[in-house]
file upload.txt (compact mmCIF, C-alpha atoms and all ligand atoms)
# COMPACT_ATOMS: atom_id res chain seq x y z
CA MET K 6 25.75 40.41 -81.32
CA ALA K 7 22.01 40.10 -82.06
CA GLU K 8 19.85 38.54 -79.32
CA PRO K 9 18.57 35.03 -80.07
CA SER K 10 15.26 35.22 -81.93
CA LEU K 11 12.06 34.34 -80.14
CA ALA K 12 8.69 33.58 -81.77
CA LEU K 13 5.52 33.62 -79.66
CA VAL K 14 2.64 31.71 -81.24
CA GLY K 15 -0.67 32.66 -79.60
CA ALA K 16 -0.89 35.88 -77.59
CA GLY K 17 -4.09 35.12 -75.66
CA LYS K 18 -4.25 35.16 -71.86
CA MET K 19 -1.16 33.05 -71.12
CA GLY K 20 0.85 34.09 -74.20
CA ALA K 21 0.34 37.79 -73.43
CA ALA K 22 1.31 37.21 -69.78
CA LEU K 23 4.55 35.56 -70.93
CA LEU K 24 5.23 38.37 -73.39
CA GLY K 25 4.76 40.97 -70.64
CA GLY K 26 7.12 39.03 -68.36
CA TRP K 27 9.83 38.84 -71.03
CA LEU K 28 9.68 42.58 -71.65
CA VAL K 29 9.92 43.33 -67.93
CA ALA K 30 12.84 40.88 -67.67
CA GLY K 31 14.68 42.77 -70.39
CA VAL K 32 14.31 40.54 -73.46
CA ALA K 33 14.98 42.84 -76.44
CA PRO K 34 11.65 43.66 -78.12
CA ASN K 35 13.22 43.55 -81.58
CA SER K 36 14.21 39.90 -81.01
CA ILE K 37 10.55 38.90 -80.53
CA SER K 38 7.97 38.08 -83.19
CA VAL K 39 4.35 37.53 -82.19
CA HIS K 40 2.08 35.34 -84.29
CA GLU K 41 -1.54 35.88 -83.32
CA PRO K 42 -4.55 36.09 -85.69
CA HIS K 43 -6.59 38.37 -83.40
CA PRO K 44 -4.16 40.44 -81.29
CA SER K 45 -5.69 42.30 -78.33
CA ASP K 46 -5.44 46.10 -78.17
CA ASP K 47 -2.72 45.71 -75.52
CA VAL K 48 -0.59 43.46 -77.73
CA GLU K 49 -1.05 45.78 -80.72
CA LYS K 50 -0.01 48.74 -78.58
CA LEU K 51 3.09 46.92 -77.30
CA ALA K 52 4.03 46.02 -80.85
CA ALA K 53 3.62 49.58 -82.09
CA GLU K 54 5.39 51.21 -79.14
CA LEU K 55 8.27 48.77 -78.63
CA GLY K 56 8.86 47.50 -82.14
CA LEU K 57 7.77 43.90 -81.68
CA ALA K 58 7.15 42.21 -85.02
CA LEU K 59 3.44 41.40 -85.08
CA ASN K 60 2.46 38.70 -87.57
CA PRO K 61 5.54 38.99 -89.79
CA PRO K 62 6.04 36.28 -92.43
CA PRO K 63 7.15 33.22 -90.42
CA ARG K 64 10.94 32.75 -90.39
CA PRO K 65 13.04 30.25 -88.43
CA ALA K 66 13.54 31.31 -84.79
CA ASP K 67 16.00 30.12 -82.14
CA THR K 68 13.10 29.57 -79.74
CA VAL K 69 9.40 29.09 -80.50
CA VAL K 70 6.94 29.43 -77.62
CA LEU K 71 3.62 27.79 -78.37
CA ALA K 72 0.67 29.23 -76.41
CA ILE K 73 -2.38 28.41 -78.54
CA LYS K 74 -5.30 26.26 -77.31
CA PRO K 75 -4.42 22.55 -77.46
CA GLN K 76 -7.34 21.85 -79.80
CA MET K 77 -5.88 24.34 -82.34
CA LEU K 78 -2.59 22.43 -82.71
CA GLU K 79 -3.71 20.17 -85.56
CA THR K 80 -5.00 23.08 -87.66
CA ALA K 81 -2.17 25.48 -86.82
CA ALA K 82 0.77 23.07 -87.23
CA PRO K 83 1.30 23.26 -91.03
CA GLY K 84 1.51 27.07 -90.92
CA LEU K 85 4.04 26.94 -88.07
CA ALA K 86 6.62 24.70 -89.78
CA PRO K 87 8.57 27.67 -91.28
CA LEU K 88 9.32 28.90 -87.72
CA PHE K 89 11.63 25.95 -87.12
CA ARG K 90 15.24 25.09 -87.94
CA PRO K 91 16.52 21.64 -86.97
CA ASP K 92 18.12 23.16 -83.84
CA SER K 93 15.22 25.42 -82.78
CA LEU K 94 13.88 24.99 -79.26
CA LEU K 95 10.12 24.49 -78.90
CA ILE K 96 8.56 25.48 -75.56
CA SER K 97 4.95 24.33 -75.42
CA ILE K 98 2.49 25.28 -72.69
CA LEU K 99 -0.34 23.31 -74.32
CA ALA K 100 -2.15 21.31 -71.65
CA GLY K 101 -2.23 17.61 -72.46
CA LYS K 102 0.02 17.71 -75.54
CA THR K 103 2.94 15.35 -75.01
CA VAL K 104 6.40 15.62 -76.50
CA ALA K 105 5.36 12.75 -78.83
CA ASN K 106 2.18 14.63 -79.91
CA LEU K 107 4.19 17.79 -80.56
CA SER K 108 7.03 16.15 -82.47
CA GLN K 109 4.53 14.33 -84.69
CA ARG K 110 3.02 17.63 -85.79
CA LEU K 111 5.91 20.09 -85.73
CA PRO K 112 9.47 19.84 -87.11
CA ALA K 113 10.95 20.33 -83.63
CA ARG K 114 13.44 18.02 -81.92
CA ALA K 115 14.37 19.94 -78.77
CA ILE K 116 11.12 20.28 -76.82
CA VAL K 117 10.27 21.71 -73.40
CA ARG K 118 6.78 20.94 -72.16
CA ALA K 119 5.63 23.40 -69.50
CA MET K 120 2.57 23.77 -67.28
CA PRO K 121 2.09 27.28 -65.86
CA ASN K 122 -0.88 28.38 -63.73
CA THR K 123 -3.17 31.40 -63.75
CA PRO K 124 -1.32 33.59 -61.18
CA ALA K 125 1.15 33.94 -64.08
CA ALA K 126 -1.10 36.82 -65.15
CA ILE K 127 0.29 38.82 -62.19
CA GLY K 128 3.82 37.41 -62.39
CA ARG K 129 3.17 35.08 -59.42
CA GLY K 130 2.65 31.80 -61.27
CA ILE K 131 4.56 28.59 -60.88
CA THR K 132 5.49 26.49 -63.89
CA GLY K 133 6.46 22.81 -63.93
CA ALA K 134 8.67 22.04 -66.92
CA PHE K 135 10.03 18.90 -68.59
CA ALA K 136 12.85 18.90 -71.17
CA ASN K 137 13.39 16.04 -73.63
CA ASP K 138 16.84 14.58 -74.31
CA CYS K 139 17.44 16.82 -77.34
CA VAL K 140 17.32 20.01 -75.24
CA THR K 141 20.86 21.33 -74.66
CA ALA K 142 21.96 22.87 -71.36
CA ALA K 143 21.93 26.32 -73.01
CA GLN K 144 18.38 25.76 -74.32
CA ARG K 145 17.25 24.66 -70.87
CA ASP K 146 18.68 27.89 -69.45
CA THR K 147 16.81 29.84 -72.14
CA ALA K 148 13.55 28.05 -71.28
CA HIS K 149 14.11 28.70 -67.57
CA ARG K 150 14.69 32.39 -68.18
CA LEU K 151 11.63 32.76 -70.44
CA LEU K 152 9.26 30.81 -68.17
CA SER K 153 10.57 32.74 -65.13
CA GLY K 154 9.02 35.85 -66.69
CA VAL K 155 5.69 34.83 -65.10
CA GLY K 156 6.89 33.32 -61.81
CA ALA K 157 8.85 30.40 -60.37
CA VAL K 158 9.99 27.42 -62.47
CA GLU K 159 10.49 23.82 -61.31
CA TRP K 160 12.00 21.15 -63.57
CA VAL K 161 10.46 17.70 -63.39
CA GLY K 162 10.96 14.29 -64.96
CA PRO K 163 9.96 11.83 -66.30
CA GLU K 164 7.46 13.52 -68.62
CA GLN K 165 4.49 11.89 -66.85
CA ALA K 166 5.30 14.04 -63.79
CA ILE K 167 3.69 16.91 -65.73
CA ASP K 168 0.32 15.22 -65.03
CA ALA K 169 1.02 15.47 -61.28
CA VAL K 170 2.17 19.09 -61.70
CA THR K 171 -1.11 19.78 -63.51
CA ALA K 172 -3.02 18.20 -60.63
CA VAL K 173 -1.24 20.22 -57.92
CA SER K 174 -0.33 23.66 -59.29
CA GLY K 175 -1.92 23.80 -62.77
CA SER K 176 -5.44 23.19 -61.47
CA GLY K 177 -4.55 24.27 -57.92
CA PRO K 178 -5.73 27.89 -58.07
CA ALA K 179 -9.30 26.57 -58.55
CA TYR K 180 -8.99 24.51 -55.35
CA VAL K 181 -7.98 27.62 -53.42
CA PHE K 182 -10.86 29.63 -54.88
CA HIS K 183 -13.20 26.80 -53.91
CA LEU K 184 -11.77 26.89 -50.38
CA VAL K 185 -12.85 30.55 -50.20
CA GLU K 186 -16.36 29.55 -51.35
CA ALA K 187 -16.54 26.73 -48.79
CA MET K 188 -15.35 28.96 -45.92
CA ALA K 189 -17.85 31.66 -46.88
CA GLN K 190 -20.71 29.15 -47.04
CA ALA K 191 -19.70 27.78 -43.66
CA GLY K 192 -19.60 31.30 -42.20
CA ALA K 193 -23.10 32.00 -43.54
CA ALA K 194 -24.31 28.71 -42.03
CA LEU K 195 -22.99 29.94 -38.67
CA GLY K 196 -25.24 33.00 -38.98
CA LEU K 197 -23.03 35.66 -40.63
CA PRO K 198 -24.49 37.72 -43.49
CA SER K 199 -23.25 35.95 -46.63
CA ASP K 200 -21.48 39.01 -48.07
CA LEU K 201 -19.59 39.50 -44.81
CA ALA K 202 -18.74 35.78 -44.68
CA MET K 203 -17.33 36.05 -48.21
CA ARG K 204 -15.22 39.12 -47.32
CA LEU K 205 -13.83 37.33 -44.26
CA ALA K 206 -13.03 34.15 -46.22
CA ARG K 207 -11.49 35.98 -49.14
CA ALA K 208 -9.29 38.27 -47.06
CA THR K 209 -8.18 35.29 -44.95
CA VAL K 210 -6.95 33.38 -48.00
CA GLU K 211 -5.36 36.49 -49.53
CA GLY K 212 -3.54 37.36 -46.32
CA SER K 213 -2.45 33.80 -45.59
CA GLY K 214 -1.11 33.44 -49.13
CA GLU K 215 0.85 36.65 -48.69
CA LEU K 216 2.24 35.42 -45.34
CA LEU K 217 3.44 32.24 -47.05
CA HIS K 218 4.94 34.35 -49.83
CA ARG K 219 6.80 36.63 -47.44
CA SER K 220 8.10 33.78 -45.24
CA PRO K 221 9.75 31.37 -47.72
CA GLU K 222 12.00 29.99 -44.97
CA ILE K 223 9.07 29.04 -42.70
CA SER K 224 7.21 25.83 -43.51
CA ALA K 225 3.44 25.76 -43.94
CA GLU K 226 3.36 23.37 -40.99
CA THR K 227 5.13 25.90 -38.74
CA LEU K 228 2.86 28.72 -39.89
CA ARG K 229 -0.12 26.50 -39.05
CA LYS K 230 1.28 25.57 -35.63
CA ASN K 231 1.99 29.26 -34.90
CA VAL K 232 -1.75 30.02 -35.03
CA THR K 233 -2.91 26.90 -33.18
CA SER K 234 -2.99 27.05 -29.36
CA PRO K 235 -3.45 23.62 -27.79
CA GLY K 236 -7.09 23.17 -26.79
CA GLY K 237 -8.16 26.37 -28.56
CA THR K 238 -10.62 27.20 -31.31
CA THR K 239 -8.26 26.61 -34.25
CA GLN K 240 -7.30 23.25 -32.75
CA ALA K 241 -11.00 22.30 -32.58
CA ALA K 242 -11.39 22.96 -36.32
CA LEU K 243 -8.11 21.29 -37.25
CA ASP K 244 -9.13 18.15 -35.35
CA VAL K 245 -11.92 17.86 -37.93
CA LEU K 246 -9.85 18.91 -40.97
CA MET K 247 -6.91 16.65 -40.02
CA ALA K 248 -8.95 13.55 -39.17
CA SER K 249 -8.15 10.42 -41.19
CA ASP K 250 -11.02 11.19 -43.58
CA GLY K 251 -10.26 14.95 -43.55
CA LEU K 252 -8.74 17.41 -45.98
CA SER K 253 -5.54 15.43 -46.76
CA GLU K 254 -7.57 12.42 -47.83
CA LEU K 255 -9.96 14.57 -49.86
CA MET K 256 -7.07 16.43 -51.52
CA ALA K 257 -5.36 13.13 -52.36
CA ARG K 258 -8.54 11.94 -54.09
CA ALA K 259 -9.09 15.26 -55.87
CA THR K 260 -5.54 15.50 -57.22
CA ALA K 261 -5.55 11.81 -58.22
CA ALA K 262 -8.69 12.52 -60.28
CA ALA K 263 -7.01 15.54 -61.92
CA ALA K 264 -3.80 13.60 -62.68
CA ARG K 265 -5.83 10.71 -64.14
CA ARG K 266 -7.75 13.15 -66.36
CA ALA K 267 -4.51 14.84 -67.46
CA GLY K 268 -3.19 11.41 -68.49
CA GLU K 269 -6.40 10.63 -70.41
CA LEU K 270 -6.30 13.97 -72.24
CA SER K 271 -2.69 13.39 -73.34
CA GLY K 272 -3.41 9.84 -74.44
N1 LIG X 301 -4.73 29.88 -68.77
C1 LIG X 301 -4.13 29.02 -67.96
O1 LIG X 301 -4.23 29.04 -66.74
C2 LIG X 301 -3.23 27.96 -68.51
C3 LIG X 301 -2.49 27.18 -67.62
C4 LIG X 301 -1.63 26.22 -68.15
C5 LIG X 301 -1.55 26.06 -69.52
N2 LIG X 301 -2.31 26.82 -70.35
C6 LIG X 301 -2.21 26.59 -71.77
O2 LIG X 301 -1.96 27.80 -72.41
C7 LIG X 301 -2.48 27.73 -73.73
C8 LIG X 301 -3.16 29.03 -74.03
O3 LIG X 301 -4.23 29.23 -73.11
P1 LIG X 301 -4.93 30.64 -72.96
O4 LIG X 301 -5.79 30.57 -71.78
O5 LIG X 301 -3.89 31.71 -73.07
O6 LIG X 301 -5.83 30.61 -74.31
P2 LIG X 301 -6.34 31.83 -75.20
O7 LIG X 301 -6.52 33.05 -74.37
O8 LIG X 301 -7.49 31.31 -76.02
O9 LIG X 301 -5.10 32.11 -76.17
C9 LIG X 301 -4.79 31.35 -77.30
C10 LIG X 301 -4.50 32.34 -78.41
O10 LIG X 301 -3.92 31.66 -79.54
C11 LIG X 301 -4.47 32.22 -80.71
N3 LIG X 301 -4.33 31.33 -81.88
C12 LIG X 301 -5.20 30.41 -82.34
N4 LIG X 301 -4.71 29.81 -83.45
C13 LIG X 301 -3.51 30.36 -83.69
C14 LIG X 301 -2.52 30.20 -84.72
N5 LIG X 301 -2.67 29.31 -85.69
N6 LIG X 301 -1.40 30.93 -84.67
C15 LIG X 301 -1.24 31.84 -83.69
N7 LIG X 301 -2.14 32.06 -82.70
C16 LIG X 301 -3.27 31.34 -82.71
C17 LIG X 301 -5.90 32.48 -80.32
O11 LIG X 301 -6.50 33.36 -81.23
P3 LIG X 301 -8.12 33.26 -81.44
O12 LIG X 301 -8.71 33.64 -80.13
O13 LIG X 301 -8.35 34.21 -82.52
O14 LIG X 301 -8.39 31.83 -81.80
C18 LIG X 301 -5.75 33.04 -78.93
O15 LIG X 301 -5.52 34.44 -78.94
C19 LIG X 301 -3.41 26.53 -73.77
O16 LIG X 301 -2.81 25.52 -74.56
C20 LIG X 301 -3.53 26.08 -72.35
O17 LIG X 301 -3.58 24.68 -72.26
C21 LIG X 301 -3.14 27.78 -69.87
call {"tool": "encode", "arguments": {"input": "upload.txt", "output": "structure tokens", "more": "lines below"}}
Ligand SMILES: NC(=O)c1ccc[n+]([C@@H]2O[C@H](COP(=O)([O-])OP(=O)(O)OC[C@H]3O[C@@H](n4cnc5c(N)ncnc54)[C@H](OP(=O)(O)O)[C@@H]3O)[C@@H](O)[C@H]2O)c1
result
Amino acid sequence: MAEPSLALVGAGKMGAALLGGWLVAGVAPNSISVHEPHPSDDVEKLAAELGLALNPPPRPADTVVLAIKPQMLETAAPGLAPLFRPDSLLISILAGKTVANLSQRLPARAIVRAMPNTPAAIGRGITGAFANDCVTAAQRDTAHRLLSGVGAVEWVGPEQAIDAVTAVSGSGPAYVFHLVEAMAQAGAALGLPSDLAMRLARATVEGSGELLHRSPEISAETLRKNVTSPGGTTQAALDVLMASDGLSELMARATAAAARRAGELSG
């Protein structure tokens, strides 16, 4: 039996990461069509070597994965209509485009709205996903399998929860990169050469992330407590970070701002 057909629309950074993940996960290349006006050399090479259909005439697909820029939706939509049958599944990763926005522009009924994050590029992303009522259990499984190609998948509801997902994990990598900047600046202020301070900060975040990754059964709280001796140096810093106006309060304000902005952009 032929594999269900899969159309990828937009093979930029995130679309190409998804495509790579599907191929590694064993999705049959000849079931995939890629629709991308300016394919990268890598995507062209994959198409030539594995027999992916690159920019074939659009035909209805079982699943359509939309990975163009949100601002391109209006212009692209009319050309995408032939990719859909009434029972096709649409998986959209477009930031800020709601199920209502998507169903106004595309002839899709079953819609999964997903928010990945940039570590998807190395297969270590996490995606929050919402399925509307028209998505069948089998289509949800399909979406889970396809989104898992770039990392973990968490299902959320109601749809508005995607704004909170955006605020925590979608935008989250930037917070972690900023943490590295802040630690490096602080190290320089304590007298370290700034390039050394940056190496120390960067390696600390890399290594701590890897420790978290390799210890899924240990909570972040326990990992923190394991490196905090009562009355010691780490405790002195944490007393500042964990004060009532410390990092938790700042993170609550930062993520609230991101969630509010996500809501405004989808409005
Ligand atoms: N990157 C992230 O971390 C991230 C996280 C969550 C969600 N997202 C979402 O992922 C989507 C893609 O982001 P990205 O960073 O991968 O953007 P990107 O690198 O610009 O990729 C978008 C691709 O779509 C192509 N495209 C434009 N119009 C098209 C059309 N009509 N048909 C087919 N392809 C078309 C673009 O081609 P041209 O360059 O020729 O226009 C481009 O190659 C966005 O909606 C974004 O909100 C991204």
call {"tool": "closest_residue", "arguments": {"input": "upload.txt", "among": "K:Ala22, K:Leu184, K:Leu152, K:Ala248", "to": "ligand LIG 301 (chain X)", "atoms": "only C-alpha atoms and all ligand atoms"}}
result
K:Ala22
call {"tool": "residues_near_ligand", "arguments": {"input": "upload.txt", "ligand": "ligand LIG 301 (chain X)", "cutoff": "8 Å", "atoms": "all atoms listed in the file", "output": "VMD selection string"}}
result
chain K and resid 14 to 21 40 to 45 71 to 78 80 to 82 84 to 85 97 to 101 119 to 125 171 175 to 176
call {"tool": "atom_distance", "arguments": {"input": "upload.txt", "atom1": "CA of Gly156 in chain K", "atom2": "CA of Pro63 in chain K"}}
result
28.6 Å
call {"tool": "atom_distance", "arguments": {"input": "upload.txt", "atom1": "CA of Glu49 in chain K", "atom2": "CA of Pro62 in chain K"}}
result
16.7 Å
call {"tool": "atom_distance", "arguments": {"input": "upload.txt", "atom1": "CA of Leu28 in chain K", "atom2": "CA of Gly130 in chain K"}}
result
16.5 Å
call {"tool": "axis_aligned_box", "arguments": {"input": "upload.txt", "around": "range 259-269 of chain K", "padding_each_side": "5 Å", "output": "lines of an AutoDock Vina configuration file"}}
result
center_x = -6.1
center_y = 13.1
center_z = -63.1
size_x = 15.9
size_y = 14.9
size_z = 24.5
call {"tool": "residues_around", "arguments": {"input": "upload.txt", "residues": "Phe182 in chain K", "least_positions_apart": "3", "cutoff": "12 Å", "atoms": "all atoms listed in the file", "output": "NGL selection string"}}
result
:K and (123 or 176-179 or 185-189 or 203 or 206-211 or 214)
call {"tool": "residues_around", "arguments": {"input": "upload.txt", "residues": "Val117 in chain K", "least_positions_apart": "3", "cutoff": "7 Å", "atoms": "only C-alpha atoms", "output": "CSV table (one decimal) with C-alpha atoms, in the coordinates of the input"}}
result
chain,number,residue,atom,x,y,z
K,95,LEU,CA,10.1,24.5,-78.9
K,96,ILE,CA,8.6,25.5,-75.6
K,97,SER,CA,5.0,24.3,-75.4
K,134,ALA,CA,8.7,22.0,-66.9
K,135,PHE,CA,10.0,18.9,-68.6
K,136,ALA,CA,12.8,18.9,-71.2
K,137,ASN,CA,13.4,16.0,-73.6
call {"tool": "closest_residue", "arguments": {"input": "upload.txt", "among": "K:Leu11, K:Val104, K:Ala261, K:Val39", "to": "Pro163 in chain K", "atoms": "all atoms listed in the file"}}
result
K:Val104
call {"tool": "residues_around", "arguments": {"input": "upload.txt", "residues": "Val173 in chain K", "least_positions_apart": "5", "cutoff": "10 Å", "atoms": "all atoms listed in the file", "output": "list of chain:residue names"}}
result
K:Ile167, K:Asp168, K:Pro178, K:Tyr180, K:Met256, K:Ala257, K:Ala259, K:Thr260, K:Ala261, K:Ala263, K:Ala264
call {"tool": "closest_residue", "arguments": {"input": "upload.txt", "among": "K:Ser38, K:Ser108, K:Gly128, K:Thr233", "to": "Val155 in chain K", "atoms": "all atoms listed in the file"}}
result
K:Gly128
call {"tool": "residues_around", "arguments": {"input": "upload.txt", "residues": "Ala115 in chain K", "least_positions_apart": "4", "cutoff": "12 Å", "atoms": "only C-alpha atoms", "output": "PyMOL selection string"}}
result
chain K and resi 67-69+89-97+104-105+107-108+111+135-145+148
call {"tool": "closest_residue", "arguments": {"input": "upload.txt", "among": "K:Gly25, K:Gln165, K:Ile131, K:Arg229", "to": "Glu269 in chain K", "atoms": "all atoms listed in the file"}}
result
K:Gln165
call {"tool": "residues_around", "arguments": {"input": "upload.txt", "residues": "Pro9 in chain K", "least_positions_apart": "2", "cutoff": "10 Å", "atoms": "all atoms listed in the file", "output": "ChimeraX atom specification"}}
result
/K:6-7,11,32-33,36-37,66-68,147
